[in-house]
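Step one of this worksheet: look at the structure below.
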Amino acid sequence: MDKPFIYADCAATVPVTERALAAAEPYFRERFGNASSIHTQGMGAARALLDARKRVAALLGAEVSEIYFTSGGTEADNWALRGGAALGAVDGRRHIVTTNAEHPAVLRCCEALAREGYEVTYLPVNSEGFVTPEQVADALRSDTALVSVMYANNEIGTLSPVHEIAQVCRSRGVLFHTDAVQAAGHEPIDLGSLGADMLSLSGHKLGAMKGVGALYIRKGIELPPLICGGGQERGRRSGTENIPAVISLAEALAESLEGLEDKNARLLEQRERLTDGLLSIPGSRLNGSLERRLAGNVNVSFEGIESESLLIMLDMRGICASGGSACSSYTNAPSHVLTAIGTPESFIKGSLRLSFGILSDVEVEYIIAEVAAAVEKLRRERFGA
Ligand SMILES: *Cc1c(COP(=O)(O)O)cnc(C)c1O
């Protein structure tokens, strides 16, 4: 196989789909109106916005009034946490429960809340990367305002038992938020049966534009705004709506859910072949759970190598992959997720995350062969053999 272009970093971002781009395109120029304007252009934008909101709500099993558009997953997470914390503080509840494997958008926000007088419990995930409903139940106190547990982990793809955790929270009268940025468009989500009070998702992880996302807020929860201003999004999230982005989100979400079962069945086959192939490399180890994970995620570590060198070599061979998460590549610290699941010291810096869409058989074999060759080369160089 000649040098190909294989994109296996879908957990970082994916391109805007043709359909999402086509749906959004008219709203950049011909239909550029501000949804708050009274004239025809404005009303057209307002109609498009409502239509997108209806679609997203229907696709998630929510009501139209429960969907709020944001600037992305990070904002949705911050809003849910800060809003939930503020609601608790109204009657003196200032305790928050989350996990030690959350995305930085949740962890850094919790740290900020701790500096502002909240108390945060970080539940330790098990070796597969999730916390149990029992752990959550045991952590709840009379002053717990909010629980936030991610739906699917962005590094190791672990799926949390969010339905059961939601039930625990509901029965104890505590708000439950889940960061579903990695799950939306990849796992079927039905908010009617999930039982979460708030759920975050992001456009660019599922084929829509960057800089758009949504927060589901269950009807009846008076979440205070994070951003104040002109009163858009029913007074809850101000700022002129990004109509093309919101339309791309609705279209991409619809598209990603079409034939989802078949797509995931194919991804699962690929995941198994990639996992088997990579684990046949000596000194390798699977990070996370064998079964309880996103169909399009493989994360393995290789003893005695640095993932950065591996990624550069793979890139030169036409494979885009990642070490852990794009969000932590600014810092040189070992992944907090791999630390949380107890990855041994000698494996922690040599992680490789492949997050992929449908690949051909040839591509799967190419990835395995190239990773094996690169790992061997790096070890040879390192040990000067
Ligand atoms: C990417 C990601 C986010 C942040 O979403 P943005 O839209 O990039 O701000 C939050 N949580 C998880 C799990 C993610 O993977």
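Each chain in the structure tokens gets a letter, A, B and so on, in the order shown; residues start at 1 in every chain, and ligands are counted from 1 in the order they appear.
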
**Message:** Can you pull out every residue with an atom within 7 Å of ligand 1? Use only C-alpha atoms and all ligand atoms and format it as a list in words.
**Reply:** Ala11, Ala12, Gly72, Gly73, Thr74, Glu75, His103, Ala105, Met150, Ala152, Asn153, Asn154, Asp179, Ala180, Val181, Gln182, Ser202, Gly203, His204, Lys205, Lys210, Gly211, Val212 and Gly213 of chain A

I need the chosen residues saved as an mmCIF file, in the first residue's frame, with C-alpha atoms.
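Output below, filename selection-v4.cif:
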```cif
data_model
loop_
_atom_site.group_PDB
_atom_site.id
_atom_site.type_symbol
_atom_site.label_atom_id
_atom_site.label_comp_id
_atom_site.auth_asym_id
_atom_site.auth_seq_id
_atom_site.Cartn_x
_atom_site.Cartn_y
_atom_site.Cartn_z
ATOM 1 C CA ALA A 11 -12.162 11.611 19.233
ATOM 2 C CA ALA A 12 -10.266 14.876 18.665
ATOM 3 C CA GLY A 72 -19.392 23.691 22.242
ATOM 4 C CA GLY A 73 -18.884 20.895 24.713
ATOM 5 C CA THR A 74 -16.647 22.901 27.021
ATOM 6 C CA GLU A 75 -19.234 25.626 27.480
ATOM 7 C CA HIS A 103 -12.562 15.582 30.530
ATOM 8 C CA ALA A 105 -13.731 20.773 30.780
ATOM 9 C CA MET A 150 -19.141 11.248 31.661
ATOM 10 C CA ALA A 152 -18.052 7.855 27.323
ATOM 11 C CA ASN A 153 -14.404 8.573 28.042
ATOM 12 C CA ASN A 154 -12.500 10.524 25.398
ATOM 13 C CA ASP A 179 -20.756 14.810 29.443
ATOM 14 C CA ALA A 180 -21.917 12.905 26.370
ATOM 15 C CA VAL A 181 -19.593 14.636 23.912
ATOM 16 C CA GLN A 182 -17.960 11.341 22.881
ATOM 17 C CA SER A 202 -20.466 18.974 20.858
ATOM 18 C CA GLY A 203 -20.830 19.473 17.101
ATOM 19 C CA HIS A 204 -17.309 18.879 15.851
ATOM 20 C CA LYS A 205 -17.079 15.388 17.353
ATOM 21 C CA LYS A 210 -16.430 23.478 15.446
ATOM 22 C CA GLY A 211 -17.638 25.981 17.998
ATOM 23 C CA VAL A 212 -21.159 24.668 18.427
ATOM 24 C CA GLY A 213 -22.674 22.317 20.966
#
```

**Prompt:** So which bits of segment 225-339 of chain A end up strand (DSSP E or B) when you DSSP the backbone, as a VMD selection string?
**Reply:** chain A and resid 284 to 286 293 297 to 302 319 to 320 322

Output of the above residues as a short mmCIF file (atom, residue, chain, number, x, y, z; two decimals), in the first residue's frame, restricted to N, CA, C and O atoms:
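Ended up saving to part-v2.cif:
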```
data_model
loop_
_atom_site.label_atom_id
_atom_site.label_comp_id
_atom_site.auth_asym_id
_atom_site.auth_seq_id
_atom_site.Cartn_x
_atom_site.Cartn_y
_atom_site.Cartn_z
N SER A 284 2.94 -4.97 24.90
CA SER A 284 1.78 -4.09 24.68
C SER A 284 0.72 -4.39 25.72
O SER A 284 0.74 -5.44 26.37
N ARG A 285 -0.23 -3.47 25.85
CA ARG A 285 -1.23 -3.61 26.88
C ARG A 285 -2.45 -2.78 26.49
O ARG A 285 -2.31 -1.65 26.03
N LEU A 286 -3.64 -3.34 26.67
CA LEU A 286 -4.86 -2.60 26.36
C LEU A 286 -5.18 -1.64 27.50
O LEU A 286 -5.14 -2.02 28.66
N ARG A 293 -16.87 -0.34 25.82
CA ARG A 293 -16.21 0.85 25.26
C ARG A 293 -16.84 1.21 23.92
O ARG A 293 -17.54 0.40 23.30
N ASN A 297 -13.11 2.99 19.30
CA ASN A 297 -11.96 3.39 20.13
C ASN A 297 -11.08 2.20 20.50
O ASN A 297 -11.57 1.20 21.01
N VAL A 298 -9.79 2.35 20.21
CA VAL A 298 -8.79 1.40 20.70
C VAL A 298 -7.71 2.24 21.37
O VAL A 298 -7.30 3.27 20.82
N ASN A 299 -7.28 1.83 22.55
CA ASN A 299 -6.18 2.53 23.22
C ASN A 299 -5.24 1.49 23.81
O ASN A 299 -5.64 0.72 24.66
N VAL A 300 -4.03 1.46 23.27
CA VAL A 300 -3.05 0.49 23.76
C VAL A 300 -1.77 1.22 24.13
O VAL A 300 -1.48 2.29 23.60
N SER A 301 -1.02 0.63 25.05
CA SER A 301 0.28 1.19 25.43
C SER A 301 1.38 0.21 25.08
O SER A 301 1.18 -1.00 25.15
N PHE A 302 2.54 0.77 24.71
CA PHE A 302 3.71 -0.04 24.41
C PHE A 302 4.81 0.32 25.39
O PHE A 302 5.13 1.50 25.56
N ILE A 319 -0.71 8.07 8.84
CA ILE A 319 -1.72 7.71 9.85
C ILE A 319 -1.81 8.81 10.91
O ILE A 319 -0.82 9.12 11.58
N CYS A 320 -2.98 9.40 11.05
CA CYS A 320 -3.21 10.41 12.08
C CYS A 320 -3.80 9.72 13.30
O CYS A 320 -4.92 9.19 13.24
N SER A 322 -3.39 9.58 17.98
CA SER A 322 -3.17 10.43 19.14
C SER A 322 -2.62 9.60 20.29
O SER A 322 -2.72 8.38 20.29
#
```

**Asked** So, counting only C-alpha atoms, which residue among A:Ser280, A:Val90, A:Gly296, A:Leu352 is closest to Glu308 of chain A?
**Response**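 Once distances to Glu308 of chain A are computed over only C-alpha atoms, the minimum belongs to A:Leu352.
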
**Request:** Could you tell me, as a PyMOL selection string, which residues of segment 40-106 of chain A DSSP assigns to helix (DSSP H, G or I) when given the backbone?
**Result:** chain A and resi 40-60+64-66+73-90+104-106

Could you list, as a PDB file with C-alpha atoms, in the first residue's frame, every residue within 8 Å of Val136 of chain A, counting only C-alpha atoms and ignoring same-chain residues fewer than 6 positions away?
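Final file, part-v3.pdb:
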```
ATOM      1  CA  VAL A  97     -19.478  14.519  43.003  1.00  0.00           C
ATOM      2  CA  LEU A 123     -14.553   9.213  42.703  1.00  0.00           C
ATOM      3  CA  ILE A 165     -26.175   6.417  38.075  1.00  0.00           C
ATOM      4  CA  VAL A 168     -29.391   6.723  42.009  1.00  0.00           C
TER       5      VAL A 168
END
```
